[in-house]
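K.L.:
Just one file: my_file.txt, with compact mmCIF, C-alpha atoms.
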# COMPACT_ATOMS: atom_id res chain seq x y z
CA MET A 1 -14.55 29.69 -26.07
CA HIS A 2 -16.51 26.99 -24.29
CA LYS A 3 -18.94 28.53 -21.78
CA HIS A 4 -18.30 27.20 -18.29
CA THR A 5 -21.04 27.00 -15.66
CA VAL A 6 -19.14 26.07 -12.49
CA SER A 7 -15.93 27.30 -10.87
CA LEU A 8 -13.70 26.22 -8.02
CA VAL A 9 -13.23 29.06 -5.54
CA GLY A 10 -11.48 27.50 -2.54
CA SER A 11 -9.61 24.40 -1.36
CA GLY A 12 -8.63 22.56 1.80
CA HIS A 13 -6.21 19.66 2.22
CA THR A 14 -4.95 17.79 5.27
CA LYS A 15 -1.57 16.17 5.43
CA PHE A 16 -1.73 12.70 3.90
CA GLY A 17 -0.13 9.81 5.76
CA ARG A 18 -0.54 7.57 8.77
CA LEU A 19 -2.50 9.95 10.99
CA ASP A 20 -3.06 7.91 14.15
CA ALA A 21 -4.20 10.89 16.23
CA LEU A 22 -7.02 11.81 13.81
CA ASP A 23 -10.26 9.96 13.10
CA LEU A 24 -12.50 10.28 10.06
CA GLU A 25 -14.50 13.13 11.59
CA ASP A 26 -11.33 15.08 12.41
CA LEU A 27 -10.13 14.76 8.82
CA ILE A 28 -13.46 15.82 7.31
CA VAL A 29 -13.83 18.82 9.64
CA SER A 30 -10.25 20.01 9.09
CA ALA A 31 -10.45 19.95 5.28
CA ALA A 32 -13.93 21.50 5.25
CA ARG A 33 -12.96 24.41 7.50
CA GLU A 34 -9.82 25.14 5.51
CA ALA A 35 -11.74 25.20 2.23
CA LEU A 36 -14.38 27.56 3.63
CA ASP A 37 -11.65 29.82 5.02
CA ASP A 38 -9.73 29.75 1.73
CA ALA A 39 -12.87 30.73 -0.19
CA ALA A 40 -13.75 33.30 2.49
CA VAL A 41 -17.32 32.03 2.42
CA PRO A 42 -19.34 31.64 5.64
CA ALA A 43 -20.78 28.20 6.34
CA SER A 44 -24.22 29.83 6.21
CA GLY A 45 -23.55 30.63 2.55
CA VAL A 46 -23.22 26.96 1.55
CA ASP A 47 -26.29 25.53 -0.21
CA ALA A 48 -25.29 21.84 -0.21
CA VAL A 49 -22.48 19.54 0.88
CA PHE A 50 -21.25 16.32 -0.73
CA LEU A 51 -18.84 13.77 0.73
CA GLY A 52 -16.69 11.40 -1.30
CA HIS A 53 -16.05 8.35 0.86
CA PHE A 54 -15.46 4.75 -0.30
CA ASN A 55 -15.28 3.11 3.17
CA SER A 56 -16.10 -0.46 2.01
CA GLY A 57 -16.09 -1.53 5.64
CA MET A 58 -12.82 0.19 6.58
CA VAL A 59 -14.40 2.40 9.28
CA SER A 60 -17.49 2.14 11.45
CA ASP A 61 -18.70 5.67 10.61
CA GLY A 62 -21.33 4.35 8.26
CA PHE A 63 -23.38 7.58 8.07
CA ALA A 64 -20.47 9.85 7.30
CA SER A 65 -22.00 12.57 5.12
CA SER A 66 -23.44 14.54 8.04
CA LEU A 67 -20.06 14.61 9.79
CA ILE A 68 -19.33 17.61 7.53
CA HIS A 69 -21.84 19.54 9.68
CA GLN A 70 -19.38 19.29 12.57
CA ALA A 71 -17.25 21.90 10.78
CA SER A 72 -19.68 24.69 11.73
CA PRO A 73 -23.01 25.08 13.54
CA ASP A 74 -24.14 27.12 10.52
CA LEU A 75 -24.05 24.01 8.32
CA ARG A 76 -26.95 22.50 10.26
CA PHE A 77 -29.91 21.65 8.01
CA THR A 78 -27.76 21.99 4.86
CA PRO A 79 -28.45 18.95 2.65
CA ALA A 80 -25.55 16.49 2.84
CA THR A 81 -25.02 13.48 0.60
CA ARG A 82 -22.36 10.80 0.50
CA CYS A 83 -21.11 9.75 -2.93
CA GLU A 84 -19.43 6.38 -3.49
CA ASN A 85 -17.79 5.20 -6.70
CA ALA A 86 -14.84 3.14 -5.44
CA CYS A 87 -11.52 4.99 -5.82
CA ALA A 88 -13.32 7.70 -7.83
CA SER A 89 -15.66 8.57 -4.94
CA GLY A 90 -14.01 12.01 -4.61
CA ALA A 91 -14.61 12.92 -8.24
CA ALA A 92 -18.14 11.52 -7.93
CA ALA A 93 -18.81 13.96 -5.08
CA ILE A 94 -17.50 16.87 -7.16
CA ALA A 95 -19.64 15.76 -10.12
CA ALA A 96 -22.70 15.70 -7.82
CA GLY A 97 -21.90 19.23 -6.64
CA VAL A 98 -21.47 20.40 -10.22
CA ALA A 99 -24.81 18.83 -11.18
CA ALA A 100 -26.57 20.57 -8.27
CA ILE A 101 -25.24 23.94 -9.44
CA GLN A 102 -26.05 23.26 -13.11
CA ALA A 103 -29.58 22.24 -12.11
CA GLY A 104 -30.08 25.55 -10.33
CA GLN A 105 -30.49 23.86 -6.94
CA ALA A 106 -27.39 25.49 -5.45
CA ASP A 107 -25.04 28.42 -6.02
CA VAL A 108 -22.30 27.42 -3.56
CA VAL A 109 -21.38 23.81 -2.75
CA LEU A 110 -18.83 22.35 -0.34
CA VAL A 111 -17.30 19.03 -1.41
CA VAL A 112 -15.13 16.94 0.91
CA GLY A 113 -13.35 13.67 0.18
CA ALA A 114 -12.02 11.62 3.08
CA GLU A 115 -10.76 8.18 4.01
CA LYS A 116 -9.29 6.63 7.14
CA MET A 117 -7.37 3.49 6.17
CA THR A 118 -4.20 2.93 8.17
CA HIS A 119 -5.83 1.58 11.33
CA ASN A 120 -6.72 -1.54 9.32
CA ASN A 121 -4.19 -4.27 8.63
CA THR A 122 -3.01 -4.86 5.07
CA ALA A 123 -5.24 -7.90 4.59
CA ASP A 124 -8.36 -5.95 5.62
CA VAL A 125 -7.54 -3.02 3.33
CA THR A 126 -6.81 -5.41 0.46
CA ARG A 127 -10.15 -7.15 1.04
CA ALA A 128 -12.03 -3.83 1.20
CA LEU A 129 -10.51 -2.52 -2.03
CA ALA A 130 -11.16 -5.84 -3.78
CA GLY A 131 -14.87 -5.12 -3.27
CA ALA A 132 -14.58 -2.77 -6.26
CA GLY A 133 -14.13 -5.80 -8.53
CA TYR A 134 -16.78 -8.06 -10.09
CA GLN A 135 -17.85 -10.58 -7.46
CA LYS A 136 -19.87 -12.98 -9.64
CA ASP A 137 -16.85 -14.10 -11.63
CA PRO A 138 -14.89 -16.42 -9.30
CA GLN A 139 -11.64 -15.71 -11.14
CA GLU A 140 -11.96 -11.92 -10.85
CA ALA A 141 -13.37 -12.07 -7.32
CA ALA A 142 -10.26 -13.98 -6.23
CA LEU A 143 -7.95 -11.15 -7.36
CA SER A 144 -6.66 -8.39 -5.10
CA PHE A 145 -6.23 -5.01 -6.78
CA PRO A 146 -2.44 -5.43 -6.96
CA GLN A 147 -3.14 -8.72 -8.76
CA VAL A 148 -5.58 -7.00 -11.13
CA PHE A 149 -2.96 -4.47 -12.20
CA ALA A 150 -0.26 -7.15 -12.20
CA LEU A 151 -2.42 -8.81 -14.84
CA ALA A 152 -2.30 -5.58 -16.85
CA ALA A 153 1.51 -5.55 -16.66
CA GLN A 154 1.64 -9.20 -17.76
CA GLN A 155 -0.71 -8.53 -20.68
CA TYR A 156 1.30 -5.43 -21.64
CA THR A 157 4.45 -7.58 -21.89
CA GLN A 158 2.65 -10.16 -24.03
CA ARG A 159 1.04 -7.60 -26.37
CA TYR A 160 3.71 -4.91 -26.59
CA GLN A 161 6.89 -5.05 -24.52
CA ASP A 162 8.12 -5.36 -20.94
CA PRO A 163 6.90 -2.21 -19.10
CA LEU A 164 8.88 -2.69 -15.88
CA ALA A 165 11.62 -0.11 -16.59
CA ALA A 166 8.99 2.49 -17.54
CA MET A 167 7.00 1.66 -14.40
CA ALA A 168 10.13 2.16 -12.29
CA ALA A 169 10.72 5.53 -13.98
CA ILE A 170 7.15 6.56 -13.08
CA ALA A 171 7.68 5.61 -9.44
CA SER A 172 10.96 7.53 -9.29
CA LYS A 173 9.39 10.60 -10.96
CA ASN A 174 6.44 10.72 -8.61
CA HIS A 175 8.58 10.31 -5.50
CA ALA A 176 10.83 13.15 -6.70
CA ASN A 177 7.75 15.34 -7.24
CA ALA A 178 6.39 14.50 -3.77
CA LEU A 179 9.53 15.97 -2.19
CA ARG A 180 8.12 19.39 -3.22
CA ASN A 181 4.71 18.64 -1.67
CA PRO A 182 4.66 19.13 2.12
CA LEU A 183 1.27 17.38 2.32
CA ALA A 184 2.49 14.15 0.69
CA HIS A 185 2.55 10.89 2.62
CA MET A 186 6.07 9.86 1.63
CA HIS A 187 9.07 12.14 1.25
CA ARG A 188 11.69 9.73 0.01
CA ALA A 189 13.67 9.96 -3.21
CA LEU A 190 13.67 6.65 -5.07
CA ASP A 191 16.19 5.89 -7.78
CA ALA A 192 14.68 4.35 -10.93
CA ASP A 193 17.23 1.52 -10.87
CA ALA A 194 16.29 0.67 -7.29
CA CYS A 195 12.60 0.72 -8.25
CA ASN A 196 13.39 -1.65 -11.13
CA THR A 197 15.18 -4.12 -8.86
CA VAL A 198 13.47 -6.71 -6.68
CA SER A 199 15.14 -6.62 -3.27
CA GLU A 200 14.45 -7.03 0.42
CA ARG A 201 13.38 -3.36 0.51
CA ASN A 202 11.46 -3.67 -2.77
CA PRO A 203 9.78 -7.09 -2.72
CA LEU A 204 7.35 -8.45 -5.25
CA ILE A 205 3.78 -7.72 -4.14
CA ALA A 206 1.92 -9.33 -7.04
CA PRO A 207 4.37 -10.42 -9.77
CA PRO A 208 5.57 -8.50 -11.68
CA LEU A 209 4.47 -5.55 -9.47
CA ARG A 210 7.00 -4.56 -6.87
CA LEU A 211 6.37 -2.58 -3.71
CA THR A 212 7.47 0.61 -5.52
CA ASP A 213 4.78 0.04 -8.16
CA CYS A 214 1.94 0.30 -5.62
CA SER A 215 0.24 3.37 -4.15
CA LEU A 216 0.20 3.95 -0.41
CA VAL A 217 -2.45 3.03 2.16
CA THR A 218 -3.16 6.48 3.55
CA ASP A 219 -5.35 8.61 5.81
CA GLY A 220 -6.40 12.06 4.65
CA ALA A 221 -9.05 14.48 3.45
CA ALA A 222 -9.38 17.24 0.88
CA ALA A 223 -12.11 19.75 0.09
CA VAL A 224 -13.13 22.23 -2.58
CA VAL A 225 -15.75 24.96 -2.71
CA LEU A 226 -17.71 25.12 -5.96
CA ALA A 227 -19.72 28.13 -7.13
CA SER A 228 -21.88 28.96 -10.12
CA ALA A 229 -20.02 30.99 -12.74
CA GLU A 230 -22.12 34.03 -11.81
CA ARG A 231 -21.41 33.77 -8.08
CA ALA A 232 -17.74 32.95 -8.65
CA ARG A 233 -17.09 36.56 -9.67
CA ASP A 234 -17.61 37.50 -6.02
CA PHE A 235 -14.70 35.35 -4.82
CA ARG A 236 -11.06 36.35 -4.60
CA ARG A 237 -9.84 33.30 -6.53
CA GLU A 238 -11.52 31.39 -9.33
CA VAL A 239 -10.65 28.40 -11.46
CA ALA A 240 -13.16 27.58 -14.19
CA LEU A 241 -14.29 23.99 -14.62
CA ARG A 242 -14.25 24.02 -18.41
CA SER A 243 -15.60 20.47 -18.57
CA MET A 244 -16.16 17.39 -16.43
CA VAL A 245 -16.95 14.04 -17.99
CA HIS A 246 -17.99 10.82 -16.26
CA VAL A 247 -17.75 7.56 -18.21
CA SER A 248 -18.58 4.21 -16.61
CA ASP A 249 -17.54 0.96 -18.26
CA LEU A 250 -18.70 -2.63 -17.70
CA LEU A 251 -17.62 -4.04 -14.34
CA PRO A 252 -16.56 -7.57 -15.38
CA MET A 253 -13.01 -7.47 -16.72
CA ALA A 254 -13.75 -10.51 -18.87
CA SER A 255 -16.23 -8.46 -20.92
CA ARG A 256 -13.75 -5.87 -22.16
CA ASP A 257 -10.13 -5.32 -23.20
CA PHE A 258 -8.68 -4.08 -19.91
CA LEU A 259 -5.39 -3.05 -21.49
CA ALA A 260 -7.15 -0.72 -23.96
CA PHE A 261 -8.31 1.51 -21.08
CA GLU A 262 -11.33 2.46 -23.18
CA GLY A 263 -13.19 4.19 -20.34
CA PRO A 264 -10.27 6.48 -19.46
CA ARG A 265 -9.64 7.13 -23.17
CA LYS A 266 -13.25 8.18 -23.76
CA ALA A 267 -13.50 10.28 -20.57
CA ILE A 268 -10.32 12.22 -21.27
CA GLY A 269 -11.05 12.62 -24.98
CA ASP A 270 -14.60 13.82 -24.32
CA ALA A 271 -13.41 16.24 -21.61
CA LEU A 272 -10.90 17.81 -24.00
CA GLY A 273 -13.53 18.00 -26.73
CA ARG A 274 -16.16 19.62 -24.52
CA ALA A 275 -13.60 22.13 -23.28
CA GLY A 276 -12.73 22.94 -26.87
CA ILE A 277 -9.01 22.29 -26.43
CA GLN A 278 -6.30 19.90 -27.61
CA LEU A 279 -4.03 17.71 -25.49
CA ASN A 280 -1.06 19.97 -26.25
CA ASP A 281 -2.92 22.95 -24.74
CA LEU A 282 -2.60 21.42 -21.26
CA ASP A 283 0.09 22.66 -18.87
CA PHE A 284 -0.07 19.75 -16.40
CA ALA A 285 -2.12 16.70 -15.41
CA GLU A 286 -2.97 14.95 -12.15
CA VAL A 287 -3.86 11.34 -12.97
CA HIS A 288 -4.79 8.13 -11.16
CA ASP A 289 -1.55 6.21 -10.64
CA CYS A 290 -2.94 3.64 -8.19
CA PHE A 291 -0.24 1.42 -9.67
CA THR A 292 2.59 2.54 -11.94
CA ILE A 293 1.22 0.46 -14.84
CA ALA A 294 -2.00 2.52 -14.58
CA GLU A 295 -0.13 5.78 -15.16
CA LEU A 296 1.63 4.22 -18.15
CA LEU A 297 -1.72 3.15 -19.62
CA ILE A 298 -3.17 6.61 -18.94
CA TYR A 299 -0.39 8.21 -21.03
CA GLU A 300 -1.59 6.08 -23.93
CA ALA A 301 -5.29 6.68 -23.16
CA MET A 302 -4.63 10.44 -23.19
CA GLY A 303 -3.04 10.17 -26.60
CA LEU A 304 0.40 11.24 -25.40
CA ALA A 305 1.87 8.12 -26.98
CA PRO A 306 0.60 5.24 -29.15
CA ALA A 307 -0.55 2.02 -27.47
CA GLY A 308 2.47 0.11 -26.20
CA GLN A 309 4.73 3.18 -26.50
CA GLY A 310 4.01 5.01 -23.23
CA HIS A 311 7.66 4.77 -22.24
CA ARG A 312 8.51 7.36 -24.91
CA VAL A 313 7.13 10.29 -22.87
CA LEU A 314 9.28 9.22 -19.92
CA ASP A 315 12.36 8.77 -22.09
CA ASP A 316 12.00 12.21 -23.73
CA GLY A 317 11.00 14.01 -20.52
CA THR A 318 7.51 15.06 -21.66
CA VAL A 319 5.81 14.02 -18.39
CA MET A 320 8.63 15.13 -16.09
CA ARG A 321 8.67 18.39 -14.15
CA GLY A 322 9.95 20.88 -16.73
CA GLY A 323 8.54 18.80 -19.60
CA ALA A 324 5.76 19.74 -22.00
CA LEU A 325 3.09 18.03 -19.88
CA PRO A 326 4.25 17.27 -16.33
CA VAL A 327 2.15 14.51 -14.77
CA ASN A 328 1.51 14.19 -11.03
CA LEU A 329 3.49 17.16 -9.78
CA SER A 330 1.90 16.45 -6.38
CA GLY A 331 3.57 13.05 -6.16
CA GLY A 332 0.44 11.26 -7.31
CA LEU A 333 -1.20 8.38 -5.50
CA LYS A 334 2.20 6.67 -5.55
CA ALA A 335 3.90 9.11 -3.15
CA LYS A 336 1.31 11.72 -2.10
CA GLY A 337 -0.82 8.78 -0.97
CA HIS A 338 -4.20 7.29 -1.80
CA PRO A 339 -6.91 7.74 0.85
CA VAL A 340 -9.41 6.39 -1.64
CA GLY A 341 -12.43 8.64 -1.03
CA ALA A 342 -10.21 11.73 -0.80
CA THR A 343 -8.14 11.17 -3.93
CA GLY A 344 -10.42 12.74 -6.56
CA VAL A 345 -11.01 15.83 -4.41
CA SER A 346 -7.28 16.06 -3.63
CA MET A 347 -6.47 16.08 -7.36
CA HIS A 348 -8.89 18.96 -7.96
CA ALA A 349 -7.59 20.85 -4.91
CA MET A 350 -3.99 20.45 -6.12
CA ALA A 351 -4.95 21.61 -9.62
CA PHE A 352 -6.83 24.59 -8.14
CA ARG A 353 -3.74 25.60 -6.16
CA GLN A 354 -1.50 25.17 -9.20
CA LEU A 355 -3.79 27.38 -11.31
CA THR A 356 -4.08 30.08 -8.63
CA GLY A 357 -0.35 30.30 -7.87
CA GLN A 358 -0.70 28.65 -4.45
CA ALA A 359 1.27 25.47 -5.12
CA GLY A 360 4.45 26.45 -3.27
CA ASP A 361 7.48 24.43 -4.36
CA MET A 362 5.26 22.51 -6.81
CA GLN A 363 4.32 25.73 -8.63
CA LEU A 364 4.74 26.01 -12.40
CA ASP A 365 5.24 29.37 -14.13
CA GLY A 366 1.74 30.68 -14.91
CA PRO A 367 -0.12 27.51 -15.92
CA ALA A 368 -3.45 28.09 -17.68
CA LEU A 369 -4.98 24.63 -18.18
CA GLY A 370 -4.85 21.39 -16.21
CA LEU A 371 -6.34 17.91 -16.55
CA VAL A 372 -7.57 15.82 -13.62
CA PHE A 373 -8.28 12.12 -14.16
CA ASN A 374 -9.69 10.01 -11.29
CA MET A 375 -10.53 6.33 -11.78
CA GLY A 376 -12.61 3.87 -9.77
CA GLY A 377 -11.90 0.15 -9.98
CA ALA A 378 -10.16 -1.40 -12.97
CA ALA A 379 -10.92 1.51 -15.35
CA VAL A 380 -14.65 1.22 -14.53
CA ALA A 381 -15.65 4.64 -13.11
CA ASN A 382 -13.73 7.32 -15.01
CA TYR A 383 -13.87 11.08 -14.35
CA ALA A 384 -11.92 13.64 -16.37
CA SER A 385 -11.95 17.39 -15.68
CA ILE A 386 -10.41 20.33 -17.51
CA LEU A 387 -9.63 23.27 -15.22
CA GLU A 388 -8.70 26.75 -16.42
CA ALA A 389 -7.07 29.64 -14.57
CA ARG A 390 -9.15 32.82 -14.59
CA ARG A 391 -6.98 35.90 -15.04
CA GLY A 392 -7.83 39.43 -13.99
So that I can check it, write out the structure of this file as structure tokens.
P.N.:
Amino acid sequence: MHKHTVSLVGSGHTKFGRLDALDLEDLIVSAAREALDDAAVPASGVDAVFLGHFNSGMVSDGFASSLIHQASPDLRFTPATRCENACASGAAAIAAGVAAIQAGQADVVLVVGAEKMTHNNTADVTRALAGAGYQKDPQEAALSFPQVFALAAQQYTQRYQDPLAAMAAIASKNHANALRNPLAHMHRALDADACNTVSERNPLIAPPLRLTDCSLVTDGAAAVVLASAERARDFRREVALRSMVHVSDLLPMASRDFLAFEGPRKAIGDALGRAGIQLNDLDFAEVHDCFTIAELLIYEAMGLAPAGQGHRVLDDGTVMRGGALPVNLSGGLKAKGHPVGATGVSMHAMAFRQLTGQAGDMQLDGPALGLVFNMGGAAVANYASILEARRG
């Protein structure tokens, strides 16, 4: 069996949504305290803290990493670092914590991911997120992120087949899953036919993407406590990080085949290989469905279906709750919400809870292995993790 070096031993997670009464500091402090309490580790026992936070001009808290210290006076003087990698900033912060432990610089690390988005208007959020695209190409720089993924849907139609019905099925699935997640932003069942119909309630955002194809602008924070494999034995709960792989691709979309999702394919494939497992060993996956077409492309990048055939695993129920590999039991970015800096940490926190029997109505029956895939930009920054339940 692959020898793991780092474990997750605690998690924290705020409600996701439009949280007008809470600012960025409130969100960070709440998630951090809950994770420390869940791990039953005193703040004085934390060797380093890392914050995943995209920001991109969305809040004025420019020096946000040290806001984690507000969670406890005992965190004072603990080294704190902010990690930014667009919508994969949360996974980047976890990867930094893992590296600190593997380098022998820390035994216990607190990682928080947070974003405050909803106080901005849609145009400002769209502009901020577009900063994750290549700015020197006038064509790409002119695209919003909905337009970037609309391009993927258009190319998919030209190369393979119309993906709109499959995208609607993904939206409906993730909204149904979110109904079991009390922390999700949106608790609203959406019928696949309604998602596949342009209407006053489901307008086109960036043709052919409809409103139901787009993730939510959300406030929220999540946290995990990491420990070295040796120290993890001292904690009441442990999930082994069997592998974590970071693959970064070229930023300009014009320099690669966007539809091939080569970065996600390599990250997920390498993570499975380093963990010494096959795709069919997984019990569930939390993946980056910033837009429904992204989840469809991730099915193919994972190897669940051949290129252009991602709809098959929706049609046969593979990725549904109760299927062989349920995807986004939390509701995903589509319905749980997408506070960009928090998303990667949220995925790991949700997987930790699933693997420790703490997932409530989302809980599967004794899952052993889960995949987390967090993506920054248009398949540019790609992080894949394999998490394993530790029994007995």
K.L.:
Rounded to one decimal place, report the CA of Leu183 (chain A)-CA of Ile268 (chain A) distance in Å.
P.N.:
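Taking CA of Leu183 (chain A) as the start and CA of Ile268 (chain A) as the end point, the length is 26.8 Å.
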K.L.:
Using CA of Phe291 (chain A) and CA of Ser65 (chain A) as the two end points, give the distance in Å to one decimal.
P.N.:
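These atoms are spaced 28.6 Å apart.
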K.L.:
Need to verify the contact set: Pro208 (chain A), 8 Å, all atoms listed in the file, exclusion of same-chain residues closer than 4 positions in sequence. Can you return it as a PDB file with C-alpha atoms, in the frame of the given file?
P.N.:
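Heads up, here's the output in result_7.pdb:
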ATOM      1  CA  ALA A 150      -0.260  -7.150 -12.200  1.00  0.00           C
ATOM      2  CA  ALA A 153       1.510  -5.550 -16.660  1.00  0.00           C
ATOM      3  CA  GLN A 154       1.640  -9.200 -17.760  1.00  0.00           C
ATOM      4  CA  LEU A 164       8.880  -2.690 -15.880  1.00  0.00           C
ATOM      5  CA  LEU A 204       7.350  -8.450  -5.250  1.00  0.00           C
TER       6      LEU A 204
END
K.L.:
With distances taken over all atoms listed in the file, which residue among A:Ala39, A:Val239, A:Leu216, A:Ala168 lies nearest Cys195 (chain A)?
P.N.:
A:Ala168
K.L.:
Which region 43-99 of chain A residues have any atom within 12 Å of an atom of region 247-251 of chain A, and for each, what is the nearest pair of atoms with distance in Å to one decimal, counting all atoms listed in the file, rows sorted by chain and number, as a Markdown table?
P.N.:
| residue | atom | partner | partner_atom | distance |
| --- | --- | --- | --- | --- |
| A:Asn85 | CA | A:Ser248 | CA | 10.0 |
| A:Ala86 | CA | A:Leu251 | CA | 11.8 |
| A:Ala88 | CA | A:Ser248 | CA | 10.8 |
| A:Ala91 | CA | A:Val247 | CA | 11.7 |
| A:Ala92 | CA | A:Val247 | CA | 11.0 |
| A:Ala95 | CA | A:Val247 | CA | 11.7 |
K.L.:
So, with all atoms listed in the file as the atoms that count, which of A:Gly360, A:Gly366, A:Gly341, A:Gly10 lies closest to Ser89 (chain A)?
P.N.:
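Among A:Gly360, A:Gly366, A:Gly341, A:Gly10, it is A:Gly341 that comes nearest to Ser89 (chain A).
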K.L.:
Between CA of Gln135 (chain A) and CA of Ser215 (chain A), what is the spacing in Å?
P.N.:
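Pair CA of Ser215 (chain A) / CA of Gln135 (chain A) returns 23.1 Å.
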K.L.:
Do a neighbour search on region 106-121 of chain A at 6 Å with all atoms listed in the file, toss out local chain neighbours closer than 6 positions, and write the hits as a PDB file with C-alpha atoms, in the frame of the given file.
P.N.:
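Okay, this is what ended up in around.pdb:
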ATOM      1  CA  ARG A  18      -0.540   7.570   8.770  1.00  0.00           C
ATOM      2  CA  LEU A  24     -12.500  10.280  10.060  1.00  0.00           C
ATOM      3  CA  VAL A  46     -23.220  26.960   1.550  1.00  0.00           C
ATOM      4  CA  ASP A  47     -26.290  25.530  -0.210  1.00  0.00           C
ATOM      5  CA  ALA A  48     -25.290  21.840  -0.210  1.00  0.00           C
ATOM      6  CA  VAL A  49     -22.480  19.540   0.880  1.00  0.00           C
ATOM      7  CA  PHE A  50     -21.250  16.320  -0.730  1.00  0.00           C
ATOM      8  CA  LEU A  51     -18.840  13.770   0.730  1.00  0.00           C
ATOM      9  CA  GLY A  52     -16.690  11.400  -1.300  1.00  0.00           C
ATOM     10  CA  HIS A  53     -16.050   8.350   0.860  1.00  0.00           C
ATOM     11  CA  GLY A  90     -14.010  12.010  -4.610  1.00  0.00           C
ATOM     12  CA  ALA A 100     -26.570  20.570  -8.270  1.00  0.00           C
ATOM     13  CA  THR A 218      -3.160   6.480   3.550  1.00  0.00           C
ATOM     14  CA  ASP A 219      -5.350   8.610   5.810  1.00  0.00           C
ATOM     15  CA  GLY A 220      -6.400  12.060   4.650  1.00  0.00           C
ATOM     16  CA  ALA A 221      -9.050  14.480   3.450  1.00  0.00           C
ATOM     17  CA  ALA A 222      -9.380  17.240   0.880  1.00  0.00           C
ATOM     18  CA  ALA A 223     -12.110  19.750   0.090  1.00  0.00           C
ATOM     19  CA  VAL A 224     -13.130  22.230  -2.580  1.00  0.00           C
ATOM     20  CA  VAL A 225     -15.750  24.960  -2.710  1.00  0.00           C
ATOM     21  CA  LEU A 226     -17.710  25.120  -5.960  1.00  0.00           C
ATOM     22  CA  ALA A 227     -19.720  28.130  -7.130  1.00  0.00           C
ATOM     23  CA  SER A 228     -21.880  28.960 -10.120  1.00  0.00           C
ATOM     24  CA  PRO A 339      -6.910   7.740   0.850  1.00  0.00           C
ATOM     25  CA  GLY A 341     -12.430   8.640  -1.030  1.00  0.00           C
ATOM     26  CA  ALA A 342     -10.210  11.730  -0.800  1.00  0.00           C
ATOM     27  CA  VAL A 345     -11.010  15.830  -4.410  1.00  0.00           C
TER      28      VAL A 345
END
K.L.:
Which one of A:Glu34, A:Ala128, A:Ala260, A:His288 sits closest to Pro306 (chain A) if you count all atoms listed in the file?
P.N.:
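Of A:Glu34, A:Ala128, A:Ala260, A:His288, the one nearest Pro306 (chain A), counting all atoms listed in the file, is A:Ala260.
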K.L.:
Pick the closest to Ala232 (chain A) from A:Pro138, A:Ile101, A:Cys83, A:Leu259: which is it, counting all atoms listed in the file?
P.N.:
A:Ile101
K.L.:
Restricting the calculation to all atoms listed in the file, which member of A:Met244, A:Val313, A:Cys290, A:Ile68 is positioned closest to Ile94 (chain A)?
P.N.:
A:Met244
K.L.:
Ranking A:Cys87, A:Gln147, A:Met167, A:Thr157 by minimum distance to Pro207 (chain A) and counting all atoms listed in the file, which one comes first?
P.N.:
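Going through A:Cys87, A:Gln147, A:Met167, A:Thr157 one by one, the smallest distance to Pro207 (chain A) is for A:Gln147.
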K.L.:
Excluding same-chain residues fewer than 4 positions from Leu75 (chain A), what lies within 7 Å of it counting only C-alpha atoms, as a compact mmCIF listing (two decimals) with C-alpha atoms, in the frame of the given file?
P.N.:
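Generated file (selection07.txt):
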# COMPACT_ATOMS: atom_id res chain seq x y z
CA ALA A 43 -20.78 28.20 6.34
CA SER A 44 -24.22 29.83 6.21
CA HIS A 69 -21.84 19.54 9.68
K.L.:
What's the 9 Å shell around Ser30 (chain A), counting only C-alpha atoms, without same-chain residues fewer than 5 positions away, as a list in words?
P.N.:
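So the residues in contact are Gly12, His13, Thr14, Glu25, Ala35, Ala71, Ala221 and Ala222 of chain A.
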K.L.:
Would you compute the box with edges along x, y and z of the file around region 251-270 of chain A, including every atom the file lists for it and 3 Å extra on each side, and give its centre and edge lengths in Å to one decimal, as lines of an AutoDock Vina configuration file?
P.N.:
center_x = -11.5
center_y = 1.7
center_z = -19.7
size_x = 18.2
size_y = 30.3
size_z = 16.6
K.L.:
Excluding Lys266 (chain A) and any residue of its chain fewer than 4 positions from it, enumerate the residues within 12 Å of it, using all atoms listed in the file, and give them as an NGL selection string.
P.N.:
:A and (245-249 or 260-262 or 270-274 or 298 or 300-303 or 373 or 379-384)
K.L.:
Next, write the just-selected residues to a file, as a short mmCIF file (atom, residue, chain, number, x, y, z; two decimals), in the coordinates of the input, keeping C-alpha atoms as the atom set.
P.N.:
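In the end it all went to result-v9.cif:
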data_model
loop_
_atom_site.label_atom_id
_atom_site.label_comp_id
_atom_site.auth_asym_id
_atom_site.auth_seq_id
_atom_site.Cartn_x
_atom_site.Cartn_y
_atom_site.Cartn_z
CA VAL A 245 -16.95 14.04 -17.99
CA HIS A 246 -17.99 10.82 -16.26
CA VAL A 247 -17.75 7.56 -18.21
CA SER A 248 -18.58 4.21 -16.61
CA ASP A 249 -17.54 0.96 -18.26
CA ALA A 260 -7.15 -0.72 -23.96
CA PHE A 261 -8.31 1.51 -21.08
CA GLU A 262 -11.33 2.46 -23.18
CA ASP A 270 -14.60 13.82 -24.32
CA ALA A 271 -13.41 16.24 -21.61
CA LEU A 272 -10.90 17.81 -24.00
CA GLY A 273 -13.53 18.00 -26.73
CA ARG A 274 -16.16 19.62 -24.52
CA ILE A 298 -3.17 6.61 -18.94
CA GLU A 300 -1.59 6.08 -23.93
CA ALA A 301 -5.29 6.68 -23.16
CA MET A 302 -4.63 10.44 -23.19
CA GLY A 303 -3.04 10.17 -26.60
CA PHE A 373 -8.28 12.12 -14.16
CA ALA A 379 -10.92 1.51 -15.35
CA VAL A 380 -14.65 1.22 -14.53
CA ALA A 381 -15.65 4.64 -13.11
CA ASN A 382 -13.73 7.32 -15.01
CA TYR A 383 -13.87 11.08 -14.35
CA ALA A 384 -11.92 13.64 -16.37
#
